[in-house]
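Asks: The structure's right below; bear with me while I get my questions together.
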Amino acid sequence: MNNVLDIVWLIPLLPLIGFLVNGMGRKVLPKSVSGFFGSLVVLAAFLLSCLVFIQVKNGQTHTAHLFDFIRIDSLKIGFEFTIDQLSSLFLLIITGIGFLIHVYSTAYMHDEPAPDFAKYFAYLNLFVFSMLLLVMGGNLVVMFIGWEGVGLCSYLLIGYWFKKNDYTNAAKKAFVMNRIGDLGFLLAIFWLIAKTGHVDYQTIFSQATLDKLSQADITGITLLLFLGATGKSAQIPLYTWLPDAMAGPTPVSALIHAATMVTAGIYMVARSHALFSLAEFTQTIIAITGLATALLAASIAIRQNDIKKVLAYSTVSQLGFMFLALGTGNYVAAVFHVLTHAFFKALMFLGSGSVIHAMGGEQDIRKMGGLHKHMKVTSITFFIGCLAIAGIPGFSGFFSKDEILAGTYAHAPWMFALALFAALMTAFYMFRLYILTFTGTFRGSEEQEQHLHESPSAMTIPLVVLAVLSVVGGYIGIPAALGGNHWLAAFLKPATGEVAHHLDHGTEYALMGISTLLVLASIGFAWFKFKSYQAEDEPTGFAKILVYKWYVDEFYDAAIVKPIRSVSGIFDRLIEKKGIDGFVNGIGRAVNYGGRQLRWLQSGQVGAYILLMVIGMLLLFIIQFYL
Amino acid sequence: MDIKAYIALSLVLFSIGMVGILMRRNAIIIFMCVELMLNAVNLLLVAFSKMHAVGEAAKALPTVASDAQIFVFFIMVVAAAEVSVGLAIIVMLYRNTHSIDVNFLNRLKN
Amino acid sequence: MNITTLLFIILSVVAAFAGIMMITSKNPVHSILWLIVVFFAISGHYIMLNAQFLAIVNIIVYAGAIMVLFLFVVMLMNLNADTEPVKNYRLRLIGVISGGSLLLVLLAALMDIDKQQLVQMNVGDAGLIKELGKNLFTNYVLPFEISSVLFLSAMIGAVIIGKKQ
Amino acid sequence: MNAILFSAIWGVLMMFCGAFVKSKAVPRYIALTGIVLLFAMNAMELNSGLPLFNIDPAEMLRTNSFNLSFLAIVFGATLFYFLLSGSEVEKVGEHVAEYFALMFFVLCGISLMATFNTLLILFIGVEIMSIPLYILTGSDKRNLKSNEASLKYFLMGCFSTGIMLMGITFIYGGNPNGSFYINNIPMGTGDMPVMIATGLIFLLVSMAFKVSAAPFHFWTPDVYDGAPTVFTSFMSTIVKAAGFFAFLRLFEQVFGVMHAQWQMLIVVITAATLLIGNLTAVFQQSVKRMLAYSSIAQAGFMLLALFALNDKAKEGILLYSAAYSLSTIGIFAVLLKMEDYTVDGFNGLAKKQPILALVATIFLLSLTGIPLTAGFQAKFYMLMAAVENGQQFWLVIFAVLMAAVSAYYYFRVIQAMYFKEPGTSSLVNSAGNSGFQALLVVLAILILVLGVYPEFLIGWMYHL
Amino acid sequence: MLGTYITFPELLIWLPLLLGIISFFTSTGKAAKNLALAGSFLVLAVSVTTLFYTDIQAHHKYNNVNYYWLKYIGNSFNIGIDSTGRLLSFLTALAFPLIFLGTYRHDMKNAPAYFGLMLLAQAGLMGVFLAKDALVFYFFWELALIPVYFLCSQWGGEKRIPVTFKFFVYTFVGSLLMLIGILYVYQHTAARVFEDGTSSAHSFALAHFMNAQLTATEQNCLFWLFFVAFAIKMPIFPFHTWQPDTYDQSPTPVTMVLSGIMVKMGLFGVIRWLIPIFPEAADKFDSIIIFFSITGILYASAIAWMQDNLKKLVAYSSIAHIGLMCAALFTGREMGVQGMMIQMFTHGVNIIGLWLVVDMIERKTGVRQISQLGGLASRAPFLTIMLVVVALANIALPLTNAFPGEFLMFAGLFQFNTWYAVTAGIGIILSAVYTLNMIQKIFYGETNTVTSTVGDISWNEKLTLAVIVLIIFITGVYPQPLIDLTRDALPMIVTK
């Protein structure tokens with residue numbers, strides 16, 4: 001083996017093997033084996049990914065053509081992998097964080113019976129496999145295969161506890177909403193095929209191909225692609241599945257619904273930057289959507305009481321930030337934020353899992369409080385995560401978020417203002433969450449308090465690792481203004497192109513300063529508001545709107561689901577049964593009726609028969625002579 | 001006489017027979033009406049035979065007139081046979097039902 | 001108007017009148033008698049058309065044999081006017097109308113023919129027994145023979161149907 | 001000519017047999033011998049083209065392979081009829097030999113109708129065929145239905161005879177040659193003379209009456225229903241086919257040249273027949289009466305031959321005669337073994353008598369026109385002929401739609417036999433008779449063979 | 001021997017026919033069952049062999065046979081294996097062993113007749129896919145229907161008699177119309193001269209049909225005569241109403257035959273007969289047909305969502321899928337047509353799998369109302385996994401077999417008309433909705449009185465489902481062989 005790039009196919013294959021082994025052997029494998037094996041394959045994939053990353057860093061990129069997936073005269077789709085800067089970076093995130101979460105899961109899911117435990121790991125492995133396909137895919141179709149695959153795994157894992165109807169409903173909702181997005185993605189692919197006849201990145205993003213496309217084509221394709229991204233990455237209008245998806249086991253939320261899958265949309269847009277850069281209108285749409293999502297989700301998060309729901313809305317909000325970056329042409333910043341967000345959000349989800357684990361399944365933060373003294377590792381690492389997401393200087397989130405804000409400012413200052421407001425809300429609700437959970441006094445039951453304990457090391461070690469990453473992760477992208485050389489931007493340059501904006505350092509300092517100060521103020525406000533939290537009354541007014549998440553679910557239900565259902569009902573009962581089938585049966589009835597009526601001609605009377613014969617004869621004469 | 005007159009006469013008799021069939025319910029009278037129709041046919045055949053005999057056809061086919069009259073003869077033969085069978089049927093029916101009213105014959109219908 | 005026309009008209013009127021009387025008589029015996037009148041009128045026509053043989057046969061076979069048979073049956077059944085109640089007038093009317101319309105249609109169509117050949121008295125000898133007999137027993141020997149089958153089946157019919165159980 | 005002669009002779013023989021033989025079974029065997037002989041004689045003539053005796057000095061008959069092969073079909077079907085239902089004849093009344101004699105006379109009439117060359121022979125043939133039928137219909141003397149049917153048939157039959165004679169008269173009058181020979185009636189290509197047209201319509205009506213085409217079909221259901229079932233079987237198959245054959249020959253040879261001028265009449269009659277036959281059959285509860293209506297419906301299909309009037313139509317009428325006759329004889333043979341003639345009487349037959357049910361199914365499928373049965377080939381040829389004709393395409397479509405309707409009533413019997421639970425009605429003892437069942441199987445196989453390879457039958461037609 | 005005395009197409013038709021007839025005479029149900037199973041595997045073996053004899057020139061004598069039959073009318077018994085026919089005959093050969101194996105434990109009353117009819121149906125279906133002569137095609141077209149009619153009516157549910165009769169009449173009307181169409185085209189074909197010197201005025205041969213002299217108006221009218229027959233068989237909206245009831249009332253093995261293979265007859269008819277004979281008319285009416293097909297997709301999907309009856313749900317979902325295939329077929333684009341061709345195979349496999357599962361559920365629980373089921377996942381995990389896989393394949397998840405086909409079909413449709421593709425795409429979403437609804441209501445949640453005593457499935461059922469799932473994944477990951485198999489048929493149909 002001369003070059004690890006020749007065996008990149010092994011990276012997705014390993015989790016697939018894990019899936020097959022765990023899936024087929026779920027009845028025979030003991031828990032330790034399935035957990036271990038499930039983690040091992042991801043670790044192996046991670047190690048390979050590291051080797052791959054090193055190769056890429058040395059400037060080698062690679063496209064591995066495995067076999068022809070579909071080959072007809074007018075279209076050739078290979079099953080091929082592309083390894084470049086962007087995908088290798090994502091490989092690291094997926095396999096790395098994936099591995100940590102696998103390890104974490106071995107402890108978190110330990111109470112499950114063996115077959116379910118193995119099933120869980122099988123699903124996780126399958127997810128990793130799909131996600132790897134998604135990022136490694138050398139053309140849009142392979143990406144789409146992974147794209148749907150992760151949707152499927154998300155569905156399976158959200159509905160992991162399939163006996164609860166709410167959970168399976170959430171799973172279904174996730175899948176269907178993803179499918180809506182997927183349809184957009186697919187249509188975009190078809191559009192590209194119709195116009196260019198190709199799907200592989202090298203061809204479609206080449207200048208020659210782009211020249212063939214009209215501006216309308218590009219706008220249409222990118223809008224459709226973006227529709228796909230909104231589904232997968234939970235943006236307006238398709239974001240509502242993500243908070244519901246918290247029904248799944250917490251490590252799943254960490255892996256799928258925070259660190260990896262939901263960033264697929266960002267990956268896709270970044271991957272297709274060549275197209276998006278040409279579509280100004282789409283860019284605007286993306287930026288506005290991202291911004292709106294960031295604001296909306298942040299506002300909802302303020303009034304959520306389920307620990308995971310808060311994190312979920314936070315994820316939606318952060319994804320909004322990433323799209324804002326994409327919309328402003330700041331692809332590197334988006335990817336950068338994906339990376340840091342993966343660290344700190346995974347960390348916080350895992351932390352919340354640890355809390356839930358300790359609380360015996362309780363997720364309502366109003367019933368928590370003062371957990372710090374019981375579970376110090378969780379508390380501290382969670383706090384680090386909060387600092388990172390809030391954008392406190394020095395932590396990873398600061399660098400990535402600052403870059404997004406700076407880019408936004410360069411693009412449009414009013415957007416910057418709104419984005420900053422969203423960032424303030426982020427700091428506010430994160431610290432609300434932290435304060436309510438870890439500080440103050442315990443508000444749960446006696447029994448729960450007795451039971452409080454720090455989680456086992458299989459859970460805390462990943463927390464610590466992620467906490468470290470949350471701190472240092474930002475240093476790969478120190479902006480020039482802070483004296484750095486932004487290693488990440490340089491690394492990604494071949495894959496995502498130049499960063500679009502150039503602010504002078506003075507402006508950047510000012511922006512950083514303003515945002516840091518305001519964030520601190522916001523944290524302080526949260527501290528004063530919640531440090532001595534007591535159960536409160538039913539909220540009213542605007543707060544109630546927030547508690548009920550702007551009534552978006554209700555709106556969708558009333559505006560889309562119910563009408564479609566009633567139309568379907570009309571189809572079923574009226575058009576199908578009475579209309580079409582009624583018509584068909586009506587012919588039968590008409591024949592029957594005609595038979596019954598004609599029967600009366602056969603009166604039994606000879607006179608009548610002859611009369612009819614005479615009349616018939618008369619008719620024949622008339623026809624012959626007069627017609 | 002113009003052949004048309006015979007055609008008209010024959011048709012009138014034929015129609016009288018037909019109307020009789022439609023009007024009457026007595027099987028025997030209906031049967032007699034049929035005989036009237038046959039006679040109308042016979043008359044017309046004979047008239048046509050005469051027409052052909054004096055026309056062009058006789059030159060090519062000398063038997064043209066007697067052919068038709070033999071036909072009439074056969075019609076009479078057939079009529080005689082029919083009458084014997086028909087009256088037998090009517091008598092049989094009368095024996096079973098003591099009626100020859102065709103309107104009572106409606107066990108078979110629909 | 002020559003004698004031919006006169007005879008024709010008289011015979012025709014008699015035939016038609018007797019026919020109408022036949023179908024309207026209440027008493028079956030009267031009907032039969034009226035029908036015999038028709039036959040005689042038609043025989044008269046045959047004679048006018050030089051079909052002497054047929055004229056004789058018509059009287060002997062039809063008016064003689066067949067109608068006597070009819071009369072016999074009617075007498076046997078002792079039918080009289082009361083046995084046939086008046087038929088539904090509407091149906092009668094429809095019967096007359098449709099029969100009449102058929103007649104009208106046919107007359108209207110057939111009176112257009114441009115053949116003007118006349119039927120003449122005392123012309124041709126085709127209707128004589130000699131001619132007919134010669135033809136019948138040479139050319140028409142097949143139908144003549146085969147008609148026996150007709151009578152045989154009529155005979156069997158009489159046996160099967162007429163015989164009392 | 002052999003057929004005419006031998007059927008007449010054998011009829012007379014059967015008559016004498018009735019006078020001197022007291023046993024009931026013997027006449028049947030004599031009749032069987034007779035029909036085999038008749039078939040053989042006809043086959044001889046078909047093979048060589050020469051009759052044993054020439055009884056026809058004036059060429060009033062025309063024998064060619066077309067009408068001889070039709071007669072072969074008729075005699076073959078009659079053979080099957082005698083074999084399958086002959087024993088049922090004995091149950092009708094005492095005059096078994098006479099019944100057979102009448103049937104031979106009918107066959108004589110059919111032979112005349114099949115080979116007529118003058119209108120006189122056609123007329124005599126029709127009468128020789130009809131008069132025995134009036135008698136056969138009324139042969140169940142104690143049964144009022146039979147009496148009634150007989151009288152109705154007789155009265156209407158006489159009426160149609162009058163119509164037919166009027167038609168012949170007008171043809172004669174309109175024929176400038178003054179001849180009754182069908183090949184001596186010149187038809188120009190111009191407009192039809194009005195006398196010819198009148199004659200044509202009268203003839204059309206009377207022939208339509210014989211083949212029970214609407215609106216001249218009204219006698220059919222009542223007569224078929226009232227007649228003893230065993231004779232219904234004979235009347236509705238062999239006699240019906242003969243009527244069609246004569247119909248086709250008459251109209252093809254006399255009026256074929258002017259086809260276009262009277263095609264519309266056939267179209268009207270065909271459409272009405274198809275509609276009335278099929279729709280009315282849908283409603284029947286009695287299988288016997290249903291088959292009566294189905295015979296009207298099938299007549300509608302056969303009328304397509306007159307509509308088309310081409311070579312395919314002639315081939316088709318042969319096939320149709322064979323397919324329809326054999327299938328109907330078969331289904332009647334099964335029906336005769338039932339005590340209950342309603343559809344419900346067939347319930348669960350498949351469980352009680354699987355072979356009987358299977359062959360009955362094949363017969364019914366053939367009547368419906370499902371491929372691989374003779375009935376399909378027959379309908380197929382008819383449709384092919386009609387399409388080849390090229391006129392009035394809607395009629396063809398209407399015909400197939402009505403064929404689909406026909407599936408409704410035929411399949412009701414199949415459904416009763418196979419998919420319903422057995423009812424209380426029982427079968428006649430002889431239904432389980434293995435010889436009888438074997439014969440039915442042979443008949444079914446024959447129908448399938450005709451369905452797969454109909455050309456051997458059509459081959460006869462081009463034999464001479 | 002092969003190619004001289006007997007050829008593949010003959011084997012594929014006569015073998016099941018013969019076995020079917022033998023089956024009628026077997027004494028016990030078990031013997032019939034084993035005979036049918038073994039026989040169907042034999043047919044499968046033959047069919048698999050045909051997959052290796054694909055060279056048109058070199059293997060011609062193995063794949064084609066032409067007997068004299070009805071020479072007067074220019075017909076010969078001409079059958080042959082090629083492209084689409086090969087794929088579909090393979091599907092037919094594959095489906096029956098799967099069906100027999102999957103339902104091996106069913107106790108059918110009067111089993112000899114049942115298996116006999118099943119094998120006859122197989123022979124009929126084979127004939128349809130192999131016929132190269134219009135009359136032969138029509139013969140087999142009807143022959144496939146008759147055994148199925150009897151199977152449905154004899155072994156079906158309570159309302160089987162009226163329901164299957166409706167099905168019968170519906171398809172019978174269609175095929176009769178097609179027969180008229182065939183005859184009309186036949187009248188316009190050239191004369192045919194046979195090798196032995198005999199000749200006929202016209203010809204039923206496919207090749208002659210394709211060169212028939214037809215005016216544009218004639219083509220347009222005939223096109224619809226043929227199309228109605230095919231549309232009823234598929235069935236596409238609005239000719240579909242026979243289908244849900246029939247699927248519901250038929251015995252499930254027969255439903256598998258119906259939905260897995262028989263509906264392909266309609267599509268195949270379009271590929272082999274309709275478009276090659278009436279290319280201009282097909283080109284002219286493609287928009288209308290695609291419009292109806294797509295209406296059908298949405299319509300059937302919406303109704304499927306409303307169904308509580310499991311079998312009807314699957315039936316409506318099938319209508320939606322067929323609608324897409326029909327639409328793709330009429331795009332006349334390579335992608336659409338090619339996708340549709342491989343989809344014919346994959347849809348057959350998937351729907352048979354789906355019916356197997358549905359049948360197992362019904363047999364185990366005794367109900368087919370989705371609302372009465374629930375929690376089966378904890379009672380029958382293997383069954384659950386299999387259903388989920390098959391159901392997901394049914395909604396064309398990538399890496400399952402339906403994805404490549406659907407992808408290509410949509411791509412073709414998009415090329416044809418963007419808005420059609422977008423509208424049809426909504427069907428993708430709806431299909432996910434009702435499929436997941438179904439999975440959720442049957443398998444998820446707590447068990448109830450109906451489902452609490454249910455056990456998992458038996459080995460033969462597991463084996464069958466495993467084979468199906470294996471096929472699903474193999475052809476899903478590597479669909480190229482299916483594409484290669486059907487490529488030859490494209491030039492006839494791809495008009496744009």
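Residues in the structure tokens are numbered from 1 in each chain, the chains being A, B, ... in the order shown, and ligands are numbered from 1 in the order shown.
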Residues of chain D within 9 Å of chain A, counting only C-alpha atoms, what are they? List them as a PyMOL selection string.

Replies: chain D and resi 152+155-156+159+194+197-198+201-202+205+209+214-219+221-222+261-262+264-265+268-269+276-284+405

Asks: Write to file, as a short mmCIF file (atom, residue, chain, number, x, y, z; two decimals), in the first residue's frame, the residues of the selection just made, with N, CA and C atoms.

Replies:
data_model
loop_
_atom_site.label_atom_id
_atom_site.label_comp_id
_atom_site.auth_asym_id
_atom_site.auth_seq_id
_atom_site.Cartn_x
_atom_site.Cartn_y
_atom_site.Cartn_z
N LYS D 152 -97.08 -20.43 -30.68
CA LYS D 152 -96.42 -19.15 -30.97
C LYS D 152 -95.46 -19.30 -32.14
N LEU D 155 -97.47 -19.80 -35.41
CA LEU D 155 -98.13 -18.61 -35.96
C LEU D 155 -97.10 -17.63 -36.53
N MET D 156 -96.07 -17.41 -35.74
CA MET D 156 -95.07 -16.44 -36.20
C MET D 156 -94.29 -16.99 -37.38
N PHE D 159 -96.32 -16.50 -40.41
CA PHE D 159 -96.25 -15.09 -40.77
C PHE D 159 -94.96 -14.80 -41.52
N VAL D 194 -86.50 -0.61 -57.28
CA VAL D 194 -87.30 -0.54 -56.06
C VAL D 194 -87.97 -1.88 -55.76
N ALA D 197 -85.41 -3.98 -54.16
CA ALA D 197 -85.17 -3.51 -52.79
C ALA D 197 -86.28 -3.98 -51.87
N THR D 198 -87.52 -3.90 -52.36
CA THR D 198 -88.63 -4.35 -51.54
C THR D 198 -88.50 -5.83 -51.24
N ILE D 201 -85.85 -6.50 -48.70
CA ILE D 201 -86.19 -6.24 -47.30
C ILE D 201 -87.12 -7.32 -46.76
N PHE D 202 -88.07 -7.74 -47.58
CA PHE D 202 -88.95 -8.83 -47.12
C PHE D 202 -88.13 -10.08 -46.82
N VAL D 205 -86.16 -9.65 -43.68
CA VAL D 205 -86.96 -9.79 -42.47
C VAL D 205 -87.22 -11.25 -42.18
N PHE D 209 -85.85 -13.33 -39.13
CA PHE D 209 -86.73 -14.06 -38.22
C PHE D 209 -86.18 -15.46 -37.96
N ALA D 214 -82.83 -9.31 -33.96
CA ALA D 214 -83.76 -8.28 -33.51
C ALA D 214 -84.13 -7.37 -34.67
N PRO D 215 -85.33 -6.83 -34.73
CA PRO D 215 -86.45 -7.04 -33.80
C PRO D 215 -87.37 -8.17 -34.24
N PHE D 216 -86.84 -9.18 -34.83
CA PHE D 216 -87.69 -10.29 -35.30
C PHE D 216 -87.40 -11.54 -34.50
N HIS D 217 -86.89 -11.32 -33.31
CA HIS D 217 -86.38 -12.43 -32.52
C HIS D 217 -87.35 -12.89 -31.46
N PHE D 218 -88.53 -12.22 -31.36
CA PHE D 218 -89.31 -12.39 -30.13
C PHE D 218 -89.77 -13.81 -29.89
N TRP D 219 -89.90 -14.56 -30.95
CA TRP D 219 -90.31 -15.94 -30.73
C TRP D 219 -89.25 -16.73 -29.99
N PRO D 221 -86.92 -16.60 -27.40
CA PRO D 221 -86.84 -16.99 -25.98
C PRO D 221 -88.01 -17.85 -25.57
N ASP D 222 -89.19 -17.48 -26.02
CA ASP D 222 -90.37 -18.23 -25.59
C ASP D 222 -90.34 -19.64 -26.13
N GLN D 261 -75.50 -0.89 -50.75
CA GLN D 261 -76.79 -0.22 -50.69
C GLN D 261 -77.71 -0.73 -49.59
N TRP D 262 -77.44 -1.95 -49.13
CA TRP D 262 -78.30 -2.44 -48.05
C TRP D 262 -77.54 -2.73 -46.76
N MET D 264 -76.58 -0.80 -44.53
CA MET D 264 -77.09 -0.07 -43.37
C MET D 264 -78.17 -0.86 -42.64
N LEU D 265 -78.99 -1.58 -43.42
CA LEU D 265 -80.04 -2.37 -42.80
C LEU D 265 -79.43 -3.42 -41.88
N VAL D 268 -78.13 -1.93 -38.70
CA VAL D 268 -79.17 -1.67 -37.71
C VAL D 268 -79.59 -2.96 -37.02
N ILE D 269 -79.83 -3.97 -37.84
CA ILE D 269 -80.27 -5.24 -37.25
C ILE D 269 -79.21 -5.82 -36.34
N ILE D 276 -80.01 -6.17 -27.68
CA ILE D 276 -81.14 -6.80 -27.01
C ILE D 276 -80.75 -8.17 -26.49
N GLY D 277 -80.07 -8.95 -27.33
CA GLY D 277 -79.70 -10.29 -26.90
C GLY D 277 -78.87 -10.26 -25.65
N ASN D 278 -77.84 -9.46 -25.65
CA ASN D 278 -76.93 -9.48 -24.51
C ASN D 278 -77.55 -8.88 -23.27
N LEU D 279 -78.20 -7.74 -23.45
CA LEU D 279 -78.74 -7.07 -22.28
C LEU D 279 -79.85 -7.89 -21.63
N THR D 280 -80.67 -8.50 -22.44
CA THR D 280 -81.77 -9.24 -21.85
C THR D 280 -81.26 -10.52 -21.20
N ALA D 281 -80.24 -11.11 -21.78
CA ALA D 281 -79.71 -12.34 -21.20
C ALA D 281 -79.16 -12.09 -19.80
N VAL D 282 -78.64 -10.88 -19.60
CA VAL D 282 -78.05 -10.57 -18.30
C VAL D 282 -79.03 -10.84 -17.18
N PHE D 283 -80.29 -10.63 -17.47
CA PHE D 283 -81.25 -10.65 -16.38
C PHE D 283 -81.86 -12.02 -16.11
N GLN D 284 -81.56 -12.99 -16.92
CA GLN D 284 -82.27 -14.26 -16.79
C GLN D 284 -81.78 -15.08 -15.61
N VAL D 405 -70.10 -7.91 -22.35
CA VAL D 405 -71.31 -8.07 -21.54
C VAL D 405 -71.71 -9.54 -21.48
#

Asks: Considering only C-alpha atoms, extract the chain B residues located within 10 Å of chain A and return them as a VMD selection string.

Replies: chain B and resid 18 to 19 21 to 25 27 30 102 to 110

Asks: Among the residues of stretch 430-518 of chain A, find those DSSP assigns to alpha helix (DSSP H) from the backbone and print them as a PyMOL selection string.

Replies: chain A and resi 430-438+446-451+457-472+487-496+505-518

Asks: Should the cut-off be 7 Å, what would the residue list for chain C against chain B look like, counting only C-alpha atoms, as a compact mmCIF listing (two decimals) with N, CA and C atoms, in the first residue's frame?

Replies:
# COMPACT_ATOMS: atom_id res chain seq x y z
N THR C 5 -110.94 -3.87 -67.22
CA THR C 5 -110.79 -2.99 -66.07
C THR C 5 -111.96 -3.14 -65.12
N SER C 12 -111.51 -6.89 -57.41
CA SER C 12 -110.63 -6.32 -56.38
C SER C 12 -111.45 -5.81 -55.22
N ALA C 16 -111.12 -7.20 -51.44
CA ALA C 16 -110.73 -6.36 -50.33
C ALA C 16 -111.83 -6.28 -49.29
N GLY C 19 -112.06 -9.45 -47.46
CA GLY C 19 -110.92 -9.54 -46.53
C GLY C 19 -111.19 -8.75 -45.27
N ILE C 20 -111.67 -7.51 -45.45
CA ILE C 20 -111.94 -6.68 -44.28
C ILE C 20 -113.03 -7.30 -43.43
N ILE C 23 -111.63 -10.11 -41.30
CA ILE C 23 -110.88 -9.81 -40.07
C ILE C 23 -111.75 -9.09 -39.06
N PRO C 28 -116.31 -16.64 -35.88
CA PRO C 28 -115.28 -17.29 -36.71
C PRO C 28 -115.86 -17.95 -37.95
N ILE C 42 -110.08 -14.12 -55.86
CA ILE C 42 -108.71 -14.29 -56.37
C ILE C 42 -108.68 -15.27 -57.52
N LEU C 49 -105.91 -13.68 -65.59
CA LEU C 49 -104.47 -13.71 -65.90
C LEU C 49 -104.08 -14.97 -66.64
N ILE C 66 -109.09 -26.79 -47.67
CA ILE C 66 -108.49 -26.16 -46.49
C ILE C 66 -109.55 -25.46 -45.66
N GLU C 84 -114.49 -14.58 -28.00
CA GLU C 84 -113.39 -13.63 -28.15
C GLU C 84 -113.83 -12.24 -27.70
N ARG C 92 -105.27 -2.40 -30.89
CA ARG C 92 -105.87 -2.53 -32.22
C ARG C 92 -105.50 -1.36 -33.10
N GLY C 95 -102.05 -1.52 -34.18
CA GLY C 95 -101.94 -2.54 -35.21
C GLY C 95 -102.37 -2.01 -36.55
N VAL C 96 -103.54 -1.35 -36.57
CA VAL C 96 -104.04 -0.83 -37.84
C VAL C 96 -103.09 0.24 -38.37
N GLY C 99 -99.82 -1.41 -39.64
CA GLY C 99 -100.08 -2.14 -40.88
C GLY C 99 -100.36 -1.18 -42.02
N LEU C 103 -98.26 -0.44 -45.53
CA LEU C 103 -98.90 -0.44 -46.84
C LEU C 103 -98.58 0.86 -47.58
N LEU C 107 -96.62 1.13 -50.99
CA LEU C 107 -97.28 1.67 -52.17
C LEU C 107 -96.53 2.87 -52.70
N MET C 111 -95.18 2.45 -56.40
CA MET C 111 -95.92 3.11 -57.48
C MET C 111 -95.02 3.99 -58.34
N GLN C 116 -94.36 -0.33 -67.37
CA GLN C 116 -95.76 -0.07 -67.73
C GLN C 116 -96.36 -1.25 -68.48
N GLN C 117 -95.76 -2.43 -68.31
CA GLN C 117 -96.29 -3.57 -69.05
C GLN C 117 -97.70 -3.89 -68.56
N LEU C 118 -98.51 -4.17 -69.47
CA LEU C 118 -99.91 -4.41 -69.13
C LEU C 118 -100.19 -5.89 -69.03
N VAL C 119 -101.13 -6.19 -68.20
CA VAL C 119 -101.63 -7.55 -68.16
C VAL C 119 -102.80 -7.62 -69.13
N GLN C 120 -102.68 -8.57 -70.05
CA GLN C 120 -103.72 -8.62 -71.08
C GLN C 120 -104.53 -9.90 -70.94
N ALA C 126 -99.26 -20.30 -70.75
CA ALA C 126 -98.43 -20.84 -69.68
C ALA C 126 -99.26 -21.42 -68.56
N GLY C 127 -100.45 -20.93 -68.37
CA GLY C 127 -101.24 -21.35 -67.23
C GLY C 127 -102.01 -22.63 -67.49
N GLU C 131 -98.75 -27.19 -70.13
CA GLU C 131 -97.46 -26.50 -69.96
C GLU C 131 -96.91 -26.73 -68.56
N LEU C 132 -97.78 -26.52 -67.61
CA LEU C 132 -97.34 -26.64 -66.22
C LEU C 132 -96.88 -28.06 -65.93
N LEU C 136 -93.39 -29.13 -64.64
CA LEU C 136 -93.34 -29.65 -63.29
C LEU C 136 -92.64 -31.00 -63.24
N LEU C 150 -92.34 -32.97 -46.85
CA LEU C 150 -93.17 -32.00 -46.15
C LEU C 150 -94.45 -32.67 -45.66
N PHE C 151 -95.03 -33.41 -46.55
CA PHE C 151 -96.29 -34.04 -46.15
C PHE C 151 -96.06 -35.15 -45.13
N ALA C 154 -95.77 -33.52 -41.94
CA ALA C 154 -97.07 -33.08 -41.50
C ALA C 154 -97.86 -34.26 -40.95
N GLY C 157 -96.59 -35.16 -37.68
CA GLY C 157 -97.08 -34.15 -36.75
C GLY C 157 -98.48 -34.46 -36.30
N ALA C 158 -99.29 -34.81 -37.25
CA ALA C 158 -100.65 -35.13 -36.87
C ALA C 158 -100.66 -36.31 -35.90
N ILE C 161 -98.98 -35.00 -32.46
CA ILE C 161 -99.69 -33.95 -31.75
C ILE C 161 -101.18 -34.24 -31.65
N GLY C 162 -101.69 -34.78 -32.74
CA GLY C 162 -103.13 -34.95 -32.76
C GLY C 162 -103.62 -36.11 -31.91
